[in-house]
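**Student:** Below is the file my_file18.txt, which contains compact mmCIF, C-alpha atoms.
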```txt
# COMPACT_ATOMS: atom_id res chain seq x y z
CA MET A 1 15.22 9.80 69.74
CA SER A 2 11.88 8.19 68.96
CA LEU A 3 11.02 11.08 66.63
CA ARG A 4 14.21 10.45 64.62
CA VAL A 5 13.48 6.73 64.41
CA SER A 6 9.94 7.33 63.21
CA ARG A 7 11.17 9.79 60.60
CA ALA A 8 13.79 7.28 59.41
CA MET A 9 11.17 4.54 59.23
CA SER A 10 8.88 6.83 57.25
CA ALA A 11 11.69 7.69 54.85
CA ASN A 12 12.49 4.02 54.26
CA ALA A 13 8.86 3.06 53.87
CA ALA A 14 8.08 5.72 51.27
CA PRO A 15 9.96 4.04 48.37
CA ALA A 16 8.38 0.69 49.22
CA VAL A 17 4.89 2.20 49.18
CA THR A 18 5.66 3.92 45.89
CA ALA A 19 6.94 0.65 44.38
CA ILE A 20 3.83 -1.21 45.54
CA HIS A 21 1.63 1.54 44.04
CA ARG A 22 3.49 1.41 40.74
CA SER A 23 3.32 -2.40 40.58
CA SER A 24 -0.43 -2.29 41.21
CA ILE A 25 -0.84 0.24 38.38
CA THR A 26 1.29 -1.96 36.11
CA ASP A 27 -0.81 -5.00 36.96
CA GLU A 28 -3.99 -3.08 36.20
CA GLU A 29 -2.58 -1.95 32.84
CA ALA A 30 -1.50 -5.51 32.02
CA ARG A 31 -5.00 -6.80 32.77
CA LYS A 32 -6.54 -4.30 30.38
CA PHE A 33 -7.39 -5.80 26.98
CA ASP A 34 -5.45 -4.20 24.12
CA TRP A 35 -8.31 -3.52 21.71
CA GLY A 36 -6.02 -1.76 19.25
CA SER A 37 -3.79 -4.79 18.79
CA ALA A 38 -6.81 -7.08 18.64
CA LEU A 39 -8.40 -5.03 15.86
CA ALA A 40 -5.09 -4.95 13.97
CA ILE A 41 -4.76 -8.75 13.86
CA ALA A 42 -8.48 -9.50 13.55
CA PRO A 43 -8.48 -9.63 9.69
CA ALA A 44 -5.57 -12.10 9.66
CA VAL A 45 -7.26 -14.26 12.30
CA LEU A 46 -10.55 -14.26 10.37
CA ILE A 47 -8.79 -15.23 7.13
CA LEU A 48 -6.93 -18.04 8.92
CA LEU A 49 -10.16 -19.32 10.47
CA GLY A 50 -11.81 -19.16 7.05
CA PHE A 51 -9.06 -21.28 5.50
CA LEU A 52 -9.22 -23.76 8.36
CA PHE A 53 -13.00 -24.01 8.00
CA LEU A 54 -12.73 -24.68 4.26
CA PHE A 55 -10.00 -27.26 4.81
CA PHE A 56 -11.91 -29.22 7.45
CA TYR A 57 -15.11 -28.93 5.44
CA GLY A 58 -13.23 -30.46 2.50
CA VAL A 59 -12.07 -33.31 4.76
CA TYR A 60 -15.68 -33.81 5.83
CA GLN A 61 -16.80 -33.89 2.19
CA SER A 62 -14.20 -36.57 1.43
CA LEU A 63 -15.96 -38.82 3.96
CA THR A 64 -19.35 -38.49 2.28
CA ASP A 65 -20.94 -39.55 -1.01
CA LEU A 66 -21.70 -35.92 -1.92
CA LYS A 67 -22.74 -35.65 -5.56
CA LEU A 68 -24.67 -32.98 -7.42
CA GLY A 69 -28.33 -33.94 -7.79
CA ARG A 70 -28.31 -36.46 -4.95
CA ALA A 71 -31.09 -35.66 -2.50
CA THR A 72 -29.40 -37.06 0.60
CA VAL A 73 -25.74 -37.08 1.56
CA LYS A 74 -24.51 -40.15 3.44
CA PHE A 75 -21.47 -40.39 5.67
CA VAL A 76 -19.46 -43.20 4.02
CA TRP A 77 -16.32 -42.87 6.13
CA PHE A 78 -13.27 -44.01 4.11
CA ALA A 79 -15.12 -45.55 1.15
CA ASN A 80 -13.85 -42.84 -1.22
CA TYR A 81 -10.25 -43.47 -0.17
CA ALA A 82 -10.70 -47.24 -0.55
CA TYR A 83 -12.03 -46.69 -4.06
CA LEU A 84 -9.03 -44.53 -4.96
CA LEU A 85 -6.53 -47.05 -3.62
CA LYS A 86 -8.06 -49.77 -5.79
CA ASN A 87 -8.19 -47.57 -8.91
CA PRO A 88 -5.17 -47.81 -11.27
CA ASP A 89 -5.95 -44.34 -12.63
CA PHE A 90 -5.43 -42.87 -9.16
CA TRP A 91 -1.93 -44.32 -8.92
CA ASN A 92 -1.20 -42.90 -12.35
CA ASN A 93 -2.32 -39.49 -11.01
CA VAL A 94 0.10 -39.88 -8.09
CA ARG A 95 2.92 -40.89 -10.44
CA VAL A 96 2.31 -37.91 -12.71
CA THR A 97 2.15 -35.53 -9.74
CA VAL A 98 5.38 -36.76 -8.15
CA THR A 99 7.24 -37.03 -11.47
CA TYR A 100 6.19 -33.56 -12.52
CA ALA A 101 7.08 -31.90 -9.21
CA PHE A 102 10.42 -33.56 -8.50
CA SER A 103 11.64 -33.43 -12.10
CA ALA A 104 10.77 -29.76 -12.51
CA VAL A 105 12.25 -28.73 -9.17
CA ALA A 106 15.47 -30.70 -9.74
CA ILE A 107 16.06 -29.15 -13.17
CA GLU A 108 15.18 -25.68 -11.88
CA ALA A 109 17.61 -26.05 -8.97
CA VAL A 110 20.51 -27.00 -11.26
CA LEU A 111 19.79 -24.32 -13.86
CA GLY A 112 19.07 -21.71 -11.18
CA PHE A 113 22.40 -22.43 -9.50
CA ALA A 114 24.25 -22.20 -12.81
CA ILE A 115 22.63 -18.86 -13.68
CA ALA A 116 23.23 -17.55 -10.15
CA LYS A 117 26.93 -18.41 -10.52
CA LEU A 118 26.92 -16.61 -13.85
CA PHE A 119 25.36 -13.53 -12.25
CA ALA A 120 28.12 -13.54 -9.63
CA THR A 121 30.59 -12.79 -12.42
CA GLU A 122 30.95 -9.67 -14.56
CA VAL A 123 30.70 -11.29 -17.99
CA LEU A 124 28.63 -9.65 -20.70
CA LEU A 125 25.97 -12.39 -20.74
CA ALA A 126 25.30 -11.85 -17.04
CA ARG A 127 24.73 -8.12 -17.58
CA ILE A 128 22.32 -8.90 -20.42
CA LEU A 129 20.29 -11.50 -18.52
CA LYS A 130 19.96 -9.70 -15.18
CA PRO A 131 17.29 -7.16 -16.31
CA VAL A 132 15.09 -9.82 -17.95
CA ILE A 133 15.56 -12.91 -15.77
CA LEU A 134 12.46 -12.21 -13.66
CA LEU A 135 10.07 -11.67 -16.58
CA PRO A 136 8.67 -15.25 -16.56
CA LEU A 137 7.79 -14.89 -12.87
CA VAL A 138 5.62 -11.82 -13.38
CA LEU A 139 3.46 -13.46 -16.06
CA PRO A 140 0.22 -15.15 -14.94
CA PRO A 141 0.61 -18.96 -15.12
CA MET A 142 -2.48 -19.30 -17.33
CA SER A 143 -1.04 -16.77 -19.78
CA VAL A 144 2.21 -18.71 -19.81
CA ALA A 145 0.27 -21.92 -20.52
CA LEU A 146 -1.60 -20.36 -23.43
CA MET A 147 1.58 -18.85 -24.86
CA TRP A 148 3.43 -22.16 -24.78
CA THR A 149 0.41 -24.00 -26.19
CA THR A 150 0.67 -21.78 -29.26
CA MET A 151 4.43 -22.22 -29.48
CA MET A 152 4.12 -26.03 -29.19
CA ASP A 153 1.46 -26.42 -31.86
CA PRO A 154 2.60 -29.35 -34.08
CA GLN A 155 1.55 -27.58 -37.28
CA SER A 156 2.19 -23.88 -36.81
CA GLY A 157 4.21 -23.66 -33.60
CA ILE A 158 7.51 -21.81 -33.62
CA LEU A 159 9.31 -24.57 -31.70
CA ASN A 160 8.93 -27.08 -34.53
CA TYR A 161 10.01 -24.40 -36.99
CA LEU A 162 13.20 -23.81 -35.01
CA LEU A 163 13.83 -27.57 -34.87
CA SER A 164 13.44 -27.78 -38.64
CA LEU A 165 16.21 -25.21 -39.08
CA VAL A 166 18.71 -27.66 -37.58
CA GLY A 167 17.28 -30.71 -39.33
CA ILE A 168 15.30 -32.16 -36.40
CA PRO A 169 11.88 -33.62 -37.34
CA PRO A 170 8.81 -31.95 -35.79
CA MET A 171 7.61 -33.10 -32.38
CA GLY A 172 4.12 -33.60 -31.06
CA TRP A 173 4.95 -31.78 -27.81
CA ILE A 174 1.75 -31.59 -25.74
CA ALA A 175 -0.28 -33.41 -28.45
CA ASN A 176 1.74 -36.62 -28.01
CA PRO A 177 1.13 -38.75 -24.89
CA ASN A 178 4.81 -39.74 -24.84
CA SER A 179 6.08 -36.16 -24.72
CA ALA A 180 3.21 -34.27 -23.07
CA LEU A 181 4.50 -34.62 -19.49
CA LEU A 182 8.01 -33.62 -20.53
CA SER A 183 6.56 -30.62 -22.34
CA VAL A 184 4.66 -29.28 -19.31
CA ILE A 185 7.78 -29.84 -17.18
CA LEU A 186 9.68 -27.71 -19.71
CA ILE A 187 7.10 -24.93 -19.32
CA ASP A 188 7.41 -25.10 -15.53
CA VAL A 189 11.21 -24.95 -15.78
CA TRP A 190 11.07 -21.89 -18.03
CA THR A 191 8.66 -20.17 -15.67
CA TYR A 192 10.21 -20.84 -12.26
CA THR A 193 13.96 -21.22 -12.81
CA PRO A 194 14.32 -17.44 -12.14
CA PHE A 195 12.94 -18.06 -8.64
CA PHE A 196 15.84 -20.38 -7.85
CA THR A 197 18.25 -17.96 -9.48
CA LEU A 198 17.09 -15.10 -7.28
CA ILE A 199 17.31 -17.08 -4.02
CA LEU A 200 20.66 -18.70 -4.80
CA PHE A 201 22.21 -15.47 -6.06
CA ALA A 202 21.32 -13.89 -2.72
CA GLY A 203 23.03 -16.81 -0.97
CA LEU A 204 26.16 -16.46 -3.09
CA GLN A 205 26.31 -12.76 -2.32
CA GLY A 206 26.60 -13.64 1.37
CA ILE A 207 29.90 -15.48 0.75
CA THR A 208 32.57 -12.81 1.13
CA ASP A 209 35.86 -12.63 -0.73
CA ASP A 210 37.66 -13.26 2.56
CA ILE A 211 36.16 -16.76 2.75
CA ARG A 212 37.19 -17.56 -0.82
CA GLU A 213 40.65 -16.10 -0.24
CA ALA A 214 41.10 -18.24 2.89
CA ALA A 215 40.14 -21.31 0.85
CA ARG A 216 42.67 -20.44 -1.85
CA ILE A 217 45.39 -19.95 0.76
CA ASN A 218 44.62 -23.42 2.10
CA GLY A 219 45.12 -24.83 -1.38
CA ALA A 220 41.52 -25.13 -2.58
CA LYS A 221 41.14 -24.72 -6.34
CA GLY A 222 38.02 -23.69 -8.25
CA TRP A 223 36.08 -26.96 -8.02
CA ALA A 224 37.14 -27.60 -4.42
CA THR A 225 36.09 -24.06 -3.46
CA PHE A 226 32.69 -24.68 -5.00
CA THR A 227 32.05 -28.10 -3.43
CA ARG A 228 33.55 -27.42 0.02
CA ILE A 229 32.84 -23.73 0.56
CA GLU A 230 30.15 -22.30 -1.70
CA LEU A 231 27.80 -25.29 -1.98
CA PRO A 232 27.56 -26.06 1.78
CA LEU A 233 26.93 -22.38 2.57
CA VAL A 234 24.26 -22.05 -0.13
CA VAL A 235 22.46 -25.35 0.62
CA PRO A 236 20.13 -23.76 3.24
CA TYR A 237 19.04 -21.18 0.63
CA LEU A 238 18.63 -23.96 -1.91
CA LEU A 239 16.41 -26.02 0.41
CA ILE A 240 14.21 -23.01 1.16
CA ALA A 241 13.67 -22.55 -2.57
CA VAL A 242 13.06 -26.30 -2.98
CA LEU A 243 10.47 -26.23 -0.17
CA PHE A 244 8.42 -23.45 -1.74
CA ARG A 245 8.66 -24.88 -5.23
CA LEU A 246 7.77 -28.43 -4.19
CA ILE A 247 4.67 -27.17 -2.42
CA GLU A 248 3.62 -25.27 -5.53
CA SER A 249 4.59 -27.99 -8.01
CA LEU A 250 2.76 -30.75 -6.15
CA ASN A 251 -0.34 -28.52 -6.28
CA GLN A 252 0.27 -27.33 -9.83
CA PHE A 253 -2.94 -26.75 -11.75
CA ASP A 254 -2.70 -23.69 -14.02
CA ILE A 255 0.11 -24.79 -16.32
CA ILE A 256 -1.14 -28.35 -16.75
CA PHE A 257 -4.83 -27.51 -17.15
CA GLY A 258 -4.08 -24.53 -19.40
CA THR A 259 -2.04 -26.64 -21.82
CA THR A 260 -3.32 -30.22 -21.78
CA GLN A 261 -6.24 -30.38 -19.29
CA GLY A 262 -4.69 -33.64 -18.09
CA GLY A 263 -4.38 -35.21 -21.55
CA PRO A 264 -3.68 -36.64 -24.00
CA GLY A 265 -5.39 -39.56 -22.32
CA ASN A 266 -4.21 -39.31 -18.73
CA SER A 267 -0.53 -38.66 -19.47
CA THR A 268 -0.49 -35.32 -17.59
CA SER A 269 -3.38 -35.94 -15.22
CA ALA A 270 -1.91 -34.73 -11.92
CA LEU A 271 -3.91 -35.08 -8.71
CA SER A 272 -4.97 -31.43 -8.67
CA VAL A 273 -6.23 -31.60 -12.26
CA GLN A 274 -8.00 -34.93 -11.79
CA ALA A 275 -9.60 -33.72 -8.57
CA TYR A 276 -11.00 -30.71 -10.46
CA VAL A 277 -12.32 -32.94 -13.23
CA THR A 278 -13.83 -35.40 -10.73
CA ALA A 279 -15.50 -32.70 -8.62
CA PHE A 280 -16.56 -30.03 -11.12
CA GLN A 281 -16.99 -31.94 -14.36
CA ASN A 282 -18.10 -35.34 -13.13
CA LEU A 283 -19.83 -33.63 -10.16
CA THR A 284 -18.60 -36.30 -7.71
CA PHE A 285 -17.56 -33.86 -5.01
CA GLY A 286 -16.87 -36.40 -2.25
CA ARG A 287 -14.40 -38.37 -4.35
CA GLY A 288 -12.78 -35.19 -5.67
CA ALA A 289 -12.33 -33.94 -2.10
CA ALA A 290 -10.70 -37.25 -1.17
CA MET A 291 -8.17 -36.80 -3.98
CA MET A 292 -7.29 -33.32 -2.72
CA VAL A 293 -6.83 -34.63 0.83
CA VAL A 294 -4.40 -37.25 -0.52
CA ASN A 295 -2.60 -34.50 -2.44
CA TRP A 296 -2.39 -32.47 0.78
CA LEU A 297 -0.89 -35.43 2.63
CA ILE A 298 1.78 -35.81 -0.07
CA VAL A 299 2.59 -32.09 0.17
CA LEU A 300 2.71 -32.25 3.98
CA GLY A 301 5.05 -35.24 4.05
CA THR A 302 7.37 -33.75 1.43
CA SER A 303 7.43 -30.39 3.20
CA MET A 304 8.26 -31.94 6.59
CA LEU A 305 11.13 -33.93 5.05
CA THR A 306 12.50 -30.82 3.33
CA VAL A 307 12.32 -28.83 6.57
CA LYS A 308 14.26 -31.59 8.35
CA LEU A 309 16.94 -31.42 5.65
CA TRP A 310 17.05 -27.63 5.99
CA GLN A 311 17.51 -27.86 9.76
CA ALA A 312 20.37 -30.34 9.31
CA ALA A 313 22.00 -28.07 6.72
CA ARG A 314 21.72 -25.09 9.06
CA LYS A 315 23.41 -27.02 11.86
CA ARG A 316 26.29 -27.97 9.59
CA VAL A 317 26.77 -24.39 8.43
CA GLY A 318 26.37 -22.98 11.94
```
The structure in this file should be written as structure tokens.
**Tutor:**
Amino acid sequence: MSLRVSRAMSANAAPAVTAIHRSSITDEEARKFDWGSALAIAPAVLILLGFLFLFFYGVYQSLTDLKLGRATVKFVWFANYAYLLKNPDFWNNVRVTVTYAFSAVAIEAVLGFAIAKLFATEVLLARILKPVILLPLVLPPMSVALMWTTMMDPQSGILNYLLSLVGIPPMGWIANPNSALLSVILIDVWTYTPFFTLILFAGLQGITDDIREAARINGAKGWATFTRIELPLVVPYLLIAVLFRLIESLNQFDIIFGTTQGGPGNSTSALSVQAYVTAFQNLTFGRGAAMMVVNWLIVLGTSMLTVKLWQAARKRVG
């Protein structure tokens, strides 16, 4: 009897011992450092640390009086920011930056939505535009700026020639302080409207015919279908495109510097352009760094607000 009991106890104990052995092996494997995964992500981590170092070094520079040729660098705390806040030219830089970014993005969103709706149809114009709509996006921004500078030349530019064909007097375009900002916004719109078109067309493709048919059965006509069905479902896609474009537009440098270099006067002097001029032409690196930190704060605040709007739109759709 005791022999049977001992055998039964041994049989029941064997799986428990095996489980304990396996768990100990699993714990040992978990404690081992995965060198393969660490090596795979090491380049990304190093690049991220490099960007963070440059960013915080720029913040440090903005708190100093760093200037080329100055023997000693003093820590001046927020003196550079106080100078900017008292300078009318700085507030003009902020105005130009915000006007440029929000105007360009708003126009691109409307035009991109219209072209995306066109692409959702089978009309001839849609079939013609689809193969070429992305061409502006693949061109380098500096090349785009130089191309449009030639086209907007008051004397020999093709734009004034085309205006003359319909009896409109020639314009100064980027040579006129009153039209320079509008001109660079036009260049931005031509370049980046295809980005909105691509994102919004993808959103429209996600709206099935069953949804539209259900709306028609419930009595929704064309405009009602657009405002109550299509637009709410596409708004999250729209806000994603707005987020990326606002970040880029608020930091825009290539198009503005390649066409006007911030002129005429200071009519197109965005923060990014003026920071470059202050740091690398006037060699006042501390003040230029302060301008870029302010630009970063504007981008951060705008991005956070856009993300909040996107989250609200997702909740409504969901």
**Student:** So what do you get for CA of Asn178 (chain A) versus CA of Gly263 (chain A), distance-wise?
**Tutor:**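 Distance between the two atoms: 10.8 Å.
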**Student:** Taking only residues of region 141-234 of chain A that have an atom at most 12 Å from an atom of region 125-135 of chain A, what is each one's shortest atom pair and its distance in Å to one decimal, using all atoms listed in the file, in chain and number order, as CSV?
**Tutor:**
```
residue,atom,partner,partner_atom,distance
A:Val144,CA,A:Leu135,CA,11.0
A:Trp190,CA,A:Ile133,CA,10.3
A:Thr191,CA,A:Leu135,CA,8.7
A:Tyr192,CA,A:Leu134,CA,9.0
A:Thr193,CA,A:Ile133,CA,9.0
A:Pro194,CA,A:Leu134,CA,5.8
A:Phe195,CA,A:Leu134,CA,7.7
A:Phe196,CA,A:Leu134,CA,10.6
A:Thr197,CA,A:Ile133,CA,8.5
A:Leu198,CA,A:Leu134,CA,8.4
A:Ile199,CA,A:Leu134,CA,11.8
A:Phe201,CA,A:Lys130,CA,11.0
```
**Student:** Identify which of the residues A:Thr225, A:Thr259, A:Thr99, A:Thr64 lies closest to Trp173 (chain A), counting only C-alpha atoms when measuring atom-to-atom distances.
**Tutor:**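 Between A:Thr225, A:Thr259, A:Thr99, A:Thr64, the residue approaching Trp173 (chain A) most closely is A:Thr259.
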**Student:** Identify which of the residues A:Pro169, A:Ala38, A:Phe90, A:Tyr57 lies closest to Thr278 (chain A), counting all atoms listed in the file when measuring atom-to-atom distances.
**Tutor:**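 Looking only at the distances to Thr278 (chain A), the closest residue turns out to be A:Phe90.
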**Student:** When you count all atoms listed in the file, which of these residues is closest to Phe253 (chain A): A:Pro154, A:Pro177, A:Gly206, A:Pro141?
**Tutor:**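 Answer, going by the shortest atom-to-atom distance: A:Pro141.
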**Student:** Please report, as lines of an AutoDock Vina configuration file, the centre and edge lengths in Å to one decimal of an axis-aligned box covering all listed atoms of region 280-289 of chain A with 5 Å per side.
**Tutor:**
```
center_x = -16.1
center_y = -34.2
center_z = -8.2
size_x = 17.5
size_y = 18.3
size_z = 22.3
```
**Student:** Between A:Ser249, A:Thr284, A:Gln311, A:Thr150, which is the closest to Tyr100 (chain A) once you count all atoms listed in the file?
**Tutor:**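 That would be A:Ser249, the residue with the smallest distance to Tyr100 (chain A).
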**Student:** Could you check how far CA of Ala313 (chain A) sits from CA of Pro232 (chain A), in Å to one decimal?
**Tutor:**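 Between these atoms lies a distance of 7.7 Å.
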**Student:** Looking at only C-alpha atoms, which of A:Leu231, A:Val59, A:Ala44, A:Ala101 is the one that sits closest to Val299 (chain A)?
**Tutor:**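 Going through A:Leu231, A:Val59, A:Ala44, A:Ala101 one by one, the smallest distance to Val299 (chain A) is for A:Ala101.
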**Student:** Please, what distance in Å, to one decimal, runs between CA of Ile158 (chain A) and CA of Pro136 (chain A)?
**Tutor:**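 It comes out at 18.3 Å.
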**Student:** Near Ser103 (chain A), within 12 Å and counting only C-alpha atoms, which residues show up once chain neighbours fewer than 4 positions away are dropped, as a count of residues only?
**Tutor:** 22
**Student:** List the neighbours of region 300-309 of chain A out to 9 Å using all atoms listed in the file; skip same-chain residues closer than 6 positions along the sequence, and give me the result as JSON, numbers by chain.
**Tutor:** {"A": [236, 239, 240, 242, 243, 244, 246, 247]}
**Student:** Which one of A:Lys117, A:Arg287, A:Arg216, A:Arg316 sits closest to Leu84 (chain A) if you count all atoms listed in the file?
**Tutor:**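 Residue with the minimum atom-to-atom distance to Leu84 (chain A): A:Arg287.
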**Student:** Which residues, written as a list in words, have at least one atom at most 9 Å from Lys74 (chain A), with only C-alpha atoms counted and residues fewer than 6 positions away on the same chain left out?
**Tutor:**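 My list of contacting residues is Leu63, Thr64, Asp65 and Leu66 of chain A.
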**Student:** Would you mind listing what lies within 10 Å of Met292 (chain A) as a PyMOL selection string, with all atoms listed in the file counted and same-chain residues fewer than 2 positions away left out?
**Tutor:** chain A and resi 58-59+62+251+271-276+287-290+294-298
